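**Q** Sharing data_22.cif below, mmCIF, C-alpha atoms:
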```cif
data_start
loop_
_atom_site.group_PDB
_atom_site.id
_atom_site.type_symbol
_atom_site.label_atom_id
_atom_site.label_comp_id
_atom_site.auth_asym_id
_atom_site.auth_seq_id
_atom_site.Cartn_x
_atom_site.Cartn_y
_atom_site.Cartn_z
ATOM 1 C CA MET J 1 30.389 -38.517 27.043
ATOM 2 C CA LYS J 2 28.705 -39.770 23.888
ATOM 3 C CA SER J 3 29.941 -38.950 20.422
ATOM 4 C CA SER J 4 27.734 -37.345 17.787
ATOM 5 C CA ARG J 5 27.610 -40.666 15.981
ATOM 6 C CA GLU J 6 26.292 -42.440 19.093
ATOM 7 C CA ILE J 7 23.653 -39.768 19.617
ATOM 8 C CA GLU J 8 22.568 -39.991 15.954
ATOM 9 C CA SER J 9 22.324 -43.761 16.382
ATOM 10 C CA GLU J 10 20.109 -43.341 19.443
ATOM 11 C CA ILE J 11 17.886 -40.881 17.539
ATOM 12 C CA SER J 12 17.512 -43.421 14.758
ATOM 13 C CA LYS J 13 16.601 -46.175 17.245
ATOM 14 C CA ILE J 14 13.942 -44.009 18.885
ATOM 15 C CA GLN J 15 12.474 -42.985 15.526
ATOM 16 C CA THR J 16 12.305 -46.631 14.476
ATOM 17 C CA SER J 17 10.914 -47.917 17.780
ATOM 18 C CA TYR J 18 8.245 -45.209 18.033
ATOM 19 C CA LYS J 19 7.446 -44.881 14.330
ATOM 20 C CA HIS J 20 3.876 -46.073 14.930
ATOM 21 C CA VAL J 21 3.175 -43.111 17.222
ATOM 22 C CA LEU J 22 5.402 -40.459 15.642
ATOM 23 C CA THR J 23 3.447 -40.478 12.385
ATOM 24 C CA GLY J 24 -0.135 -39.436 11.919
ATOM 25 C CA SER J 25 -2.045 -37.094 14.151
ATOM 26 C CA LEU J 26 -1.478 -35.894 17.674
ATOM 27 C CA ALA J 27 -3.250 -38.003 20.298
ATOM 28 C CA THR J 28 -4.882 -36.505 23.359
ATOM 29 C CA ILE J 29 -5.149 -37.895 26.870
ATOM 30 C CA ASP J 30 -8.961 -37.719 26.601
ATOM 31 C CA ILE J 31 -9.243 -39.746 23.403
ATOM 32 C CA ASN J 32 -6.240 -42.104 23.332
ATOM 33 C CA PRO J 33 -4.174 -41.960 26.555
ATOM 34 C CA PRO J 34 -1.671 -44.755 25.759
ATOM 35 C CA ARG J 35 -0.788 -43.274 22.364
ATOM 36 C CA ALA J 36 -0.526 -39.775 23.842
ATOM 37 C CA MET J 37 1.886 -40.974 26.536
ATOM 38 C CA LEU J 38 4.047 -42.772 23.947
ATOM 39 C CA GLN J 39 4.112 -39.627 21.809
ATOM 40 C CA ILE J 40 5.150 -37.492 24.777
ATOM 41 C CA THR J 41 7.892 -39.942 25.735
ATOM 42 C CA ALA J 42 9.309 -40.258 22.227
ATOM 43 C CA GLU J 43 9.239 -36.540 21.488
ATOM 44 C CA ALA J 44 10.828 -35.649 24.842
ATOM 45 C CA GLN J 45 13.692 -38.059 24.204
ATOM 46 C CA LEU J 46 14.174 -36.796 20.653
ATOM 47 C CA ARG J 47 14.067 -33.128 21.742
ATOM 48 C CA ALA J 48 16.759 -33.774 24.350
ATOM 49 C CA LEU J 49 19.025 -35.600 21.913
ATOM 50 C CA TYR J 50 18.617 -32.955 19.211
ATOM 51 C CA TRP J 51 19.333 -30.268 21.827
ATOM 52 C CA VAL J 52 22.579 -32.033 22.764
ATOM 53 C CA LEU J 53 23.567 -31.959 19.084
ATOM 54 C CA GLY J 54 22.707 -28.261 18.902
ATOM 55 C CA ARG J 55 19.872 -28.837 16.466
ATOM 56 C CA LYS J 56 16.169 -28.059 16.664
ATOM 57 C CA PHE J 57 13.671 -30.923 16.754
ATOM 58 C CA LYS J 58 10.805 -30.692 14.268
ATOM 59 C CA SER J 59 7.746 -32.746 15.185
ATOM 60 C CA THR J 60 6.233 -34.917 12.459
ATOM 61 C CA LEU J 61 2.840 -35.103 14.162
ATOM 62 C CA LYS J 62 -0.100 -33.361 12.537
ATOM 63 C CA GLY J 63 -1.640 -30.777 14.841
ATOM 64 C CA THR J 64 1.580 -29.592 16.509
ATOM 65 C CA ASN J 65 3.269 -26.248 16.126
ATOM 66 C CA THR J 66 6.792 -27.414 16.971
#
```
Let's see the structure in the file written out as structure tokens.

**A**
Amino acid sequence: MKSSREIESEISKIQTSYKHVLTGSLATIDINPPRAMLQITAEAQLRALYWVLGRKFKSTLKGTNT
């Protein structure tokens, strides 16, 4: 079982590693498939980690409602 500190550290690593796709606008599979897949991957990981901490994830992408 991971501690809250370890989970926060993992969140920080993901936000740093995927910063280039977590900022700006939402990509679509039709227009920019690689960027869209990276955004989906990063946000899914972040949502899961925030859920484990009992917090709600707020997307930073423009064009999302979550």

**Q** Could you tell me which of J:Leu46, J:Gly63, J:Ala36, J:Trp51 comes closest to Thr16 (chain J) if we count only C-alpha atoms?

**A** J:Leu46

**Q** J:Leu38, J:Met1, J:Leu22, J:Ile7: which is nearest Lys58 (chain J), counting all atoms listed in the file?

**A**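 Answer, going by the shortest atom-to-atom distance: J:Leu22.
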
**Q** Please compute the CA of Gln15 (chain J)-CA of Ile31 (chain J) distance, one decimal, in Å.

**A**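 Result for CA of Gln15 (chain J) versus CA of Ile31 (chain J): 23.3 Å, one decimal.
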
**Q** Take the point (9.6, -42.1, 24.7) as written in the file and pick out every residue within 10 Å of it, counting all atoms listed in the file; give the list as a PyMOL selection string.

**A** chain J and resi 14-15+17-18+21+37-46

**Q** Please produce a file of the residues just selected, as a short mmCIF file (atom, residue, chain, number, x, y, z; two decimals), keeping the file's coordinate frame, where the atoms kept are C-alpha atoms.

**A**
```
data_model
loop_
_atom_site.label_atom_id
_atom_site.label_comp_id
_atom_site.auth_asym_id
_atom_site.auth_seq_id
_atom_site.Cartn_x
_atom_site.Cartn_y
_atom_site.Cartn_z
CA ILE J 14 13.94 -44.01 18.89
CA GLN J 15 12.47 -42.98 15.53
CA SER J 17 10.91 -47.92 17.78
CA TYR J 18 8.24 -45.21 18.03
CA VAL J 21 3.18 -43.11 17.22
CA MET J 37 1.89 -40.97 26.54
CA LEU J 38 4.05 -42.77 23.95
CA GLN J 39 4.11 -39.63 21.81
CA ILE J 40 5.15 -37.49 24.78
CA THR J 41 7.89 -39.94 25.74
CA ALA J 42 9.31 -40.26 22.23
CA GLU J 43 9.24 -36.54 21.49
CA ALA J 44 10.83 -35.65 24.84
CA GLN J 45 13.69 -38.06 24.20
CA LEU J 46 14.17 -36.80 20.65
#
```

**Q** Nearest to Lys62 (chain J) among J:Leu49, J:Thr23, J:Ile29, J:Pro34, with distances taken over all atoms listed in the file: which residue is it?

**A**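 Result for the nearest residue to Lys62 (chain J): J:Thr23.
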
**Q** Starting from 8 Å padding per side, set up an axis-aligned box that covers all listed atoms of region 14-23 of chain J and hand over centre and edge lengths in Å, one decimal, as AutoDock Vina command-line options.

**A**
```
--center_x 8.6 --center_y -44.2 --center_z 15.6 --size_x 26.8 --size_y 23.5 --size_z 22.5
```

**Q** Leu53 (chain J): which residues within 12 Å, counting only C-alpha atoms, same-chain residues fewer than 5 positions away excluded, as a PyMOL selection string?

**A** chain J and resi 2-8+10-11+46-48
